[in-house]
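Only one structure is covered here, and it is reproduced in the block below.
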Amino acid sequence: MILFFYNLALLAALVVGAPWWLFRIAATQKYREGLRERLGMIRPELIRLSRERPVIWVHAVSVGEVLAISRLVKTLDAALPGYFIVISTTTRTGQALARERFGAERVFYCPLDLPWAVRTYLKALQPRLLVLAETEFWPNLLSTCYRRGIPVAVVNARVSDRSWPRYRRLRRHWRPFLSRLSCVLAQSETDAERLKAIGCLPQRVTVSGNLKFDVRIAEEAEATLQLKALAQGLRFVVAGSTLEGEEAALLEAWPRLLEADPQLAMVLAPRHPERFGAVAALLDKSGVAWVRRSDWRAQMEEIIQPLKPGTIVLLDTIGELASVYSLASVAFVGGSLIPAGGHNPLEPAQFGVPIVMGPHYVNFRAITEDLLAHQAVRIAAREELAAVLIELLQEPSVAQAMGSRARQVFSSQAGATGRCVEALKELLAAQAGMEPPA
């Protein structure tokens, strides 16, 4: 009954919103890209490949989830060579990164949660297992998998502080769907308790840890290599995953940072690609010396000019930030100066880089509080940002010790990937009615 009303509401929203969606599709490339796949039209190549081996379908929403599952997918590839693992994403940026990480032939846009689109994909791919990253719960997808006898596992499962009140309020509606999940691997005890409270069966919920602690940068990105070659002894402040308002705060602090350390350059990496143009306009207006990372791709290596002190590099590419953090003398992790919940501080932590964040980190509360407990991150409001960055730049021994503690926190929490892989192998074996492979 709940599913009936859900689909009725979905249909009404599609009908009422059709003019708006048609306008967006006509006017904006972002809405056109992947539309056929989202509506259930599957690439013939994907169908052909899925016929060769049994399929495991892994779904990751966007860039953060793709990064989180990167090692998991590669480990599953090695542990289950008899399976064909396909990966879907929701966002355009997630799609681009997934194609780069896993190969375009097995990456596709997740269908919209429309009954016919979901049925088309499940009928064509016939997955033996659906793996969802974090909390990507869609009623039609979950219900159709249940009816077809397809087990659904959730890895890196969490319920954020922001989402918790809404899930708790609607738990009666969620319970019929979440109680059918075959395996829920939570990031923390808090997440596990919340997932049980909103409908997941207690016996199917375990704490496996956070996959993001297992993400390792296997090789340096092209941007990292170029920055090294162009830096000529400069030190970098790397400001990653910034949101609107944070770039202005960093530009406001920049003259004070240069006064304290004239040999600085900054890498500025906005979170959302659609804001690259707006941030470029802001940099133009500020009068600071700046360059676009993407411009280097169109230039011969020998004619790219070395970076001068005080230059800001706009990192307007996808998937390179995690590697670029390795160059930082100090890193600022964005989404945290404004009430947006923050972004992942583990990316700089793995390199032993001292980390600065704003006071808004609810989306990564457990990770940030762990770093705080080990004095491995500094929290600074906008008015304190310049002073905290300067302190870490001028006290290298303090910064180095802080970065070392961050790396220790990162390393001590590793192991979630192995626990997830074992749980997924057991689930596949149980479905096949045999002992799990060694």
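Residue numbering restarts at 1 in every chain; chains get A, B, ... in the order shown in the structure tokens, and ligands count up from 1 in that same order.
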
Near-segment 231-233 of chain A list (10 Å; only C-alpha atoms; drop same-chain fewer than 2 positions) as a VMD selection string: chain A and resid 226 to 229 235 to 236 263 to 265 306 to 309

Those in segment 39-114 of chain A with alpha helix (DSSP H) from DSSP, as an MDAnalysis selection string: chainID A and resid 44:52 63:79 92:102

Picked from segment 224-416 of chain A by DSSP as strand (DSSP E), as a PyMOL selection string: chain A and resi 235-242+264-270+290-292+312-314+328-333+355-357+378-379

Export, as a CSV table (one decimal), in the first residue's frame, the selected residues with N, CA and C atoms.
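As written to disk, out.csv reads:
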```
chain,number,residue,atom,x,y,z
A,235,ARG,N,55.5,26.6,-1.2
A,235,ARG,CA,54.7,25.8,-0.3
A,235,ARG,C,53.2,26.1,-0.6
A,236,PHE,N,52.4,25.0,-0.4
A,236,PHE,CA,51.0,25.1,-0.9
A,236,PHE,C,50.1,25.1,0.3
A,237,VAL,N,49.1,25.9,0.2
A,237,VAL,CA,47.8,25.8,1.0
A,237,VAL,C,46.9,25.1,0.0
A,238,VAL,N,46.3,24.0,0.3
A,238,VAL,CA,45.3,23.3,-0.5
A,238,VAL,C,44.0,23.5,0.1
A,239,ALA,N,43.0,24.2,-0.5
A,239,ALA,CA,41.7,24.4,0.0
A,239,ALA,C,40.8,23.5,-0.9
A,240,GLY,N,40.2,22.4,-0.3
A,240,GLY,CA,39.5,21.5,-1.1
A,240,GLY,C,38.0,21.5,-0.8
A,241,SER,N,37.2,21.1,-1.8
A,241,SER,CA,35.7,21.0,-1.7
A,241,SER,C,35.1,22.2,-1.1
A,242,THR,N,35.5,23.4,-1.6
A,242,THR,CA,34.9,24.6,-1.1
A,242,THR,C,33.5,24.9,-1.7
A,264,LEU,N,54.3,31.3,-0.6
A,264,LEU,CA,53.1,30.4,-0.7
A,264,LEU,C,52.4,30.5,-2.1
A,265,ALA,N,51.8,29.4,-2.4
A,265,ALA,CA,50.8,29.3,-3.5
A,265,ALA,C,49.6,28.6,-2.9
A,266,MET,N,48.4,28.8,-3.5
A,266,MET,CA,47.2,28.1,-3.1
A,266,MET,C,46.6,27.3,-4.2
A,267,VAL,N,46.1,26.1,-3.9
A,267,VAL,CA,45.3,25.3,-4.8
A,267,VAL,C,43.9,25.4,-4.3
A,268,LEU,N,43.0,25.9,-5.1
A,268,LEU,CA,41.6,26.1,-4.7
A,268,LEU,C,40.7,25.2,-5.5
A,269,ALA,N,40.0,24.3,-4.9
A,269,ALA,CA,39.3,23.2,-5.5
A,269,ALA,C,37.8,23.3,-5.1
A,270,PRO,N,37.0,24.0,-5.9
A,270,PRO,CA,35.5,24.1,-5.6
A,270,PRO,C,34.9,22.7,-5.6
A,290,TRP,N,46.3,34.2,-10.8
A,290,TRP,CA,45.7,32.9,-10.7
A,290,TRP,C,45.8,32.2,-12.1
A,291,VAL,N,45.7,30.9,-12.1
A,291,VAL,CA,45.7,30.1,-13.3
A,291,VAL,C,44.7,29.0,-13.2
A,292,ARG,N,44.2,28.5,-14.3
A,292,ARG,CA,43.3,27.4,-14.3
A,292,ARG,C,44.1,26.1,-14.6
A,312,ILE,N,47.3,31.6,-7.2
A,312,ILE,CA,46.3,30.7,-6.9
A,312,ILE,C,46.0,29.8,-8.1
A,313,VAL,N,46.0,28.5,-7.9
A,313,VAL,CA,45.6,27.5,-8.9
A,313,VAL,C,44.2,27.1,-8.7
A,314,LEU,N,43.3,27.3,-9.7
A,314,LEU,CA,42.0,26.9,-9.7
A,314,LEU,C,41.9,25.4,-10.2
A,328,ALA,N,50.3,19.6,0.2
A,328,ALA,CA,49.9,20.7,1.1
A,328,ALA,C,50.8,20.8,2.3
A,329,SER,N,51.2,22.0,2.6
A,329,SER,CA,51.8,22.3,3.9
A,329,SER,C,50.7,22.4,5.0
A,330,VAL,N,49.6,22.8,4.5
A,330,VAL,CA,48.4,22.8,5.4
A,330,VAL,C,47.2,22.7,4.5
A,331,ALA,N,46.1,22.0,4.9
A,331,ALA,CA,45.0,21.8,4.1
A,331,ALA,C,43.7,22.4,4.8
A,332,PHE,N,42.9,23.1,4.0
A,332,PHE,CA,41.6,23.5,4.5
A,332,PHE,C,40.5,22.6,3.8
A,333,VAL,N,39.7,22.0,4.6
A,333,VAL,CA,38.6,21.1,4.0
A,333,VAL,C,37.3,21.9,4.1
A,355,ILE,N,45.3,19.6,9.2
A,355,ILE,CA,44.0,19.9,8.6
A,355,ILE,C,43.4,21.0,9.4
A,356,VAL,N,42.7,21.9,8.6
A,356,VAL,CA,41.9,23.0,9.2
A,356,VAL,C,40.5,22.8,8.6
A,357,MET,N,39.5,22.9,9.5
A,357,MET,CA,38.1,22.9,9.1
A,357,MET,C,37.3,24.0,9.8
A,378,ARG,N,42.3,21.2,13.3
A,378,ARG,CA,42.0,22.4,14.0
A,378,ARG,C,40.7,23.0,13.4
A,379,ILE,N,39.8,23.4,14.3
A,379,ILE,CA,38.6,24.0,13.9
A,379,ILE,C,38.7,25.5,14.0
```

From A:Pro115, A:Gly103, A:Pro345, A:Gly319, residue lying nearest Phe4 of chain A [only C-alpha atoms]: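 Among the listed residues, the smallest separation from Phe4 of chain A belongs to A:Pro115.
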
Within 12 Å of Ser412 of chain A using only C-alpha atoms, minus same-chain residues under 5 positions, as a PDB file with N, CA and C atoms, in the first residue's frame:
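The result, stored in around.pdb:
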```pdb
ATOM      1  N   GLY A 209      32.876  -0.485   9.933  1.00  0.00           N
ATOM      2  CA  GLY A 209      33.808   0.640   9.839  1.00  0.00           C
ATOM      3  C   GLY A 209      33.572   1.445   8.576  1.00  0.00           C
ATOM      4  N   ASN A 210      34.378   2.464   8.412  1.00  0.00           N
ATOM      5  CA  ASN A 210      34.209   3.418   7.320  1.00  0.00           C
ATOM      6  C   ASN A 210      35.159   3.086   6.175  1.00  0.00           C
ATOM      7  N   PHE A 213      38.337   5.177   5.282  1.00  0.00           N
ATOM      8  CA  PHE A 213      39.631   5.018   5.933  1.00  0.00           C
ATOM      9  C   PHE A 213      40.537   4.073   5.146  1.00  0.00           C
ATOM     10  N   ASP A 214      39.978   3.340   4.206  1.00  0.00           N
ATOM     11  CA  ASP A 214      40.769   2.391   3.428  1.00  0.00           C
ATOM     12  C   ASP A 214      41.195   2.943   2.074  1.00  0.00           C
ATOM     13  N   ALA A 349      44.386  13.638   5.543  1.00  0.00           N
ATOM     14  CA  ALA A 349      44.932  12.906   6.701  1.00  0.00           C
ATOM     15  C   ALA A 349      45.841  11.773   6.270  1.00  0.00           C
ATOM     16  N   GLN A 350      45.533  11.101   5.178  1.00  0.00           N
ATOM     17  CA  GLN A 350      46.346   9.955   4.768  1.00  0.00           C
ATOM     18  C   GLN A 350      47.764  10.354   4.407  1.00  0.00           C
ATOM     19  N   ASP A 370      36.954  12.066  15.997  1.00  0.00           N
ATOM     20  CA  ASP A 370      38.097  11.185  16.226  1.00  0.00           C
ATOM     21  C   ASP A 370      39.403  11.955  16.013  1.00  0.00           C
ATOM     22  N   LEU A 371      39.465  12.734  14.944  1.00  0.00           N
ATOM     23  CA  LEU A 371      40.650  13.559  14.697  1.00  0.00           C
ATOM     24  C   LEU A 371      40.839  14.597  15.808  1.00  0.00           C
ATOM     25  N   HIS A 374      42.390  13.258  18.926  1.00  0.00           N
ATOM     26  CA  HIS A 374      43.830  13.008  18.797  1.00  0.00           C
ATOM     27  C   HIS A 374      44.595  14.295  18.442  1.00  0.00           C
ATOM     28  N   ARG A 405      49.733  12.767  13.577  1.00  0.00           N
ATOM     29  CA  ARG A 405      48.608  12.212  14.349  1.00  0.00           C
ATOM     30  C   ARG A 405      47.423  11.937  13.426  1.00  0.00           C
ATOM     31  N   ALA A 406      47.212  12.817  12.441  1.00  0.00           N
ATOM     32  CA  ALA A 406      46.121  12.588  11.476  1.00  0.00           C
ATOM     33  C   ALA A 406      46.357  11.308  10.688  1.00  0.00           C
ATOM     34  N   ARG A 407      47.605  11.077  10.282  1.00  0.00           N
ATOM     35  CA  ARG A 407      47.910   9.851   9.536  1.00  0.00           C
ATOM     36  C   ARG A 407      47.706   8.616  10.413  1.00  0.00           C
TER      37      ARG A 407
END
```

Interatomic distance (Å, one decimal) between atom CA of Leu10 of chain A and atom CA of Arg194 of chain A: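 For atom CA of Leu10 of chain A relative to atom CA of Arg194 of chain A, the distance reads 26.7 Å.
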
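Counting only C-alpha atoms, the residue from A:Leu393, A:Pro339, A:Arg158, A:Ala192 that sits nearest to Glu244 of chain A is A:Pro339.
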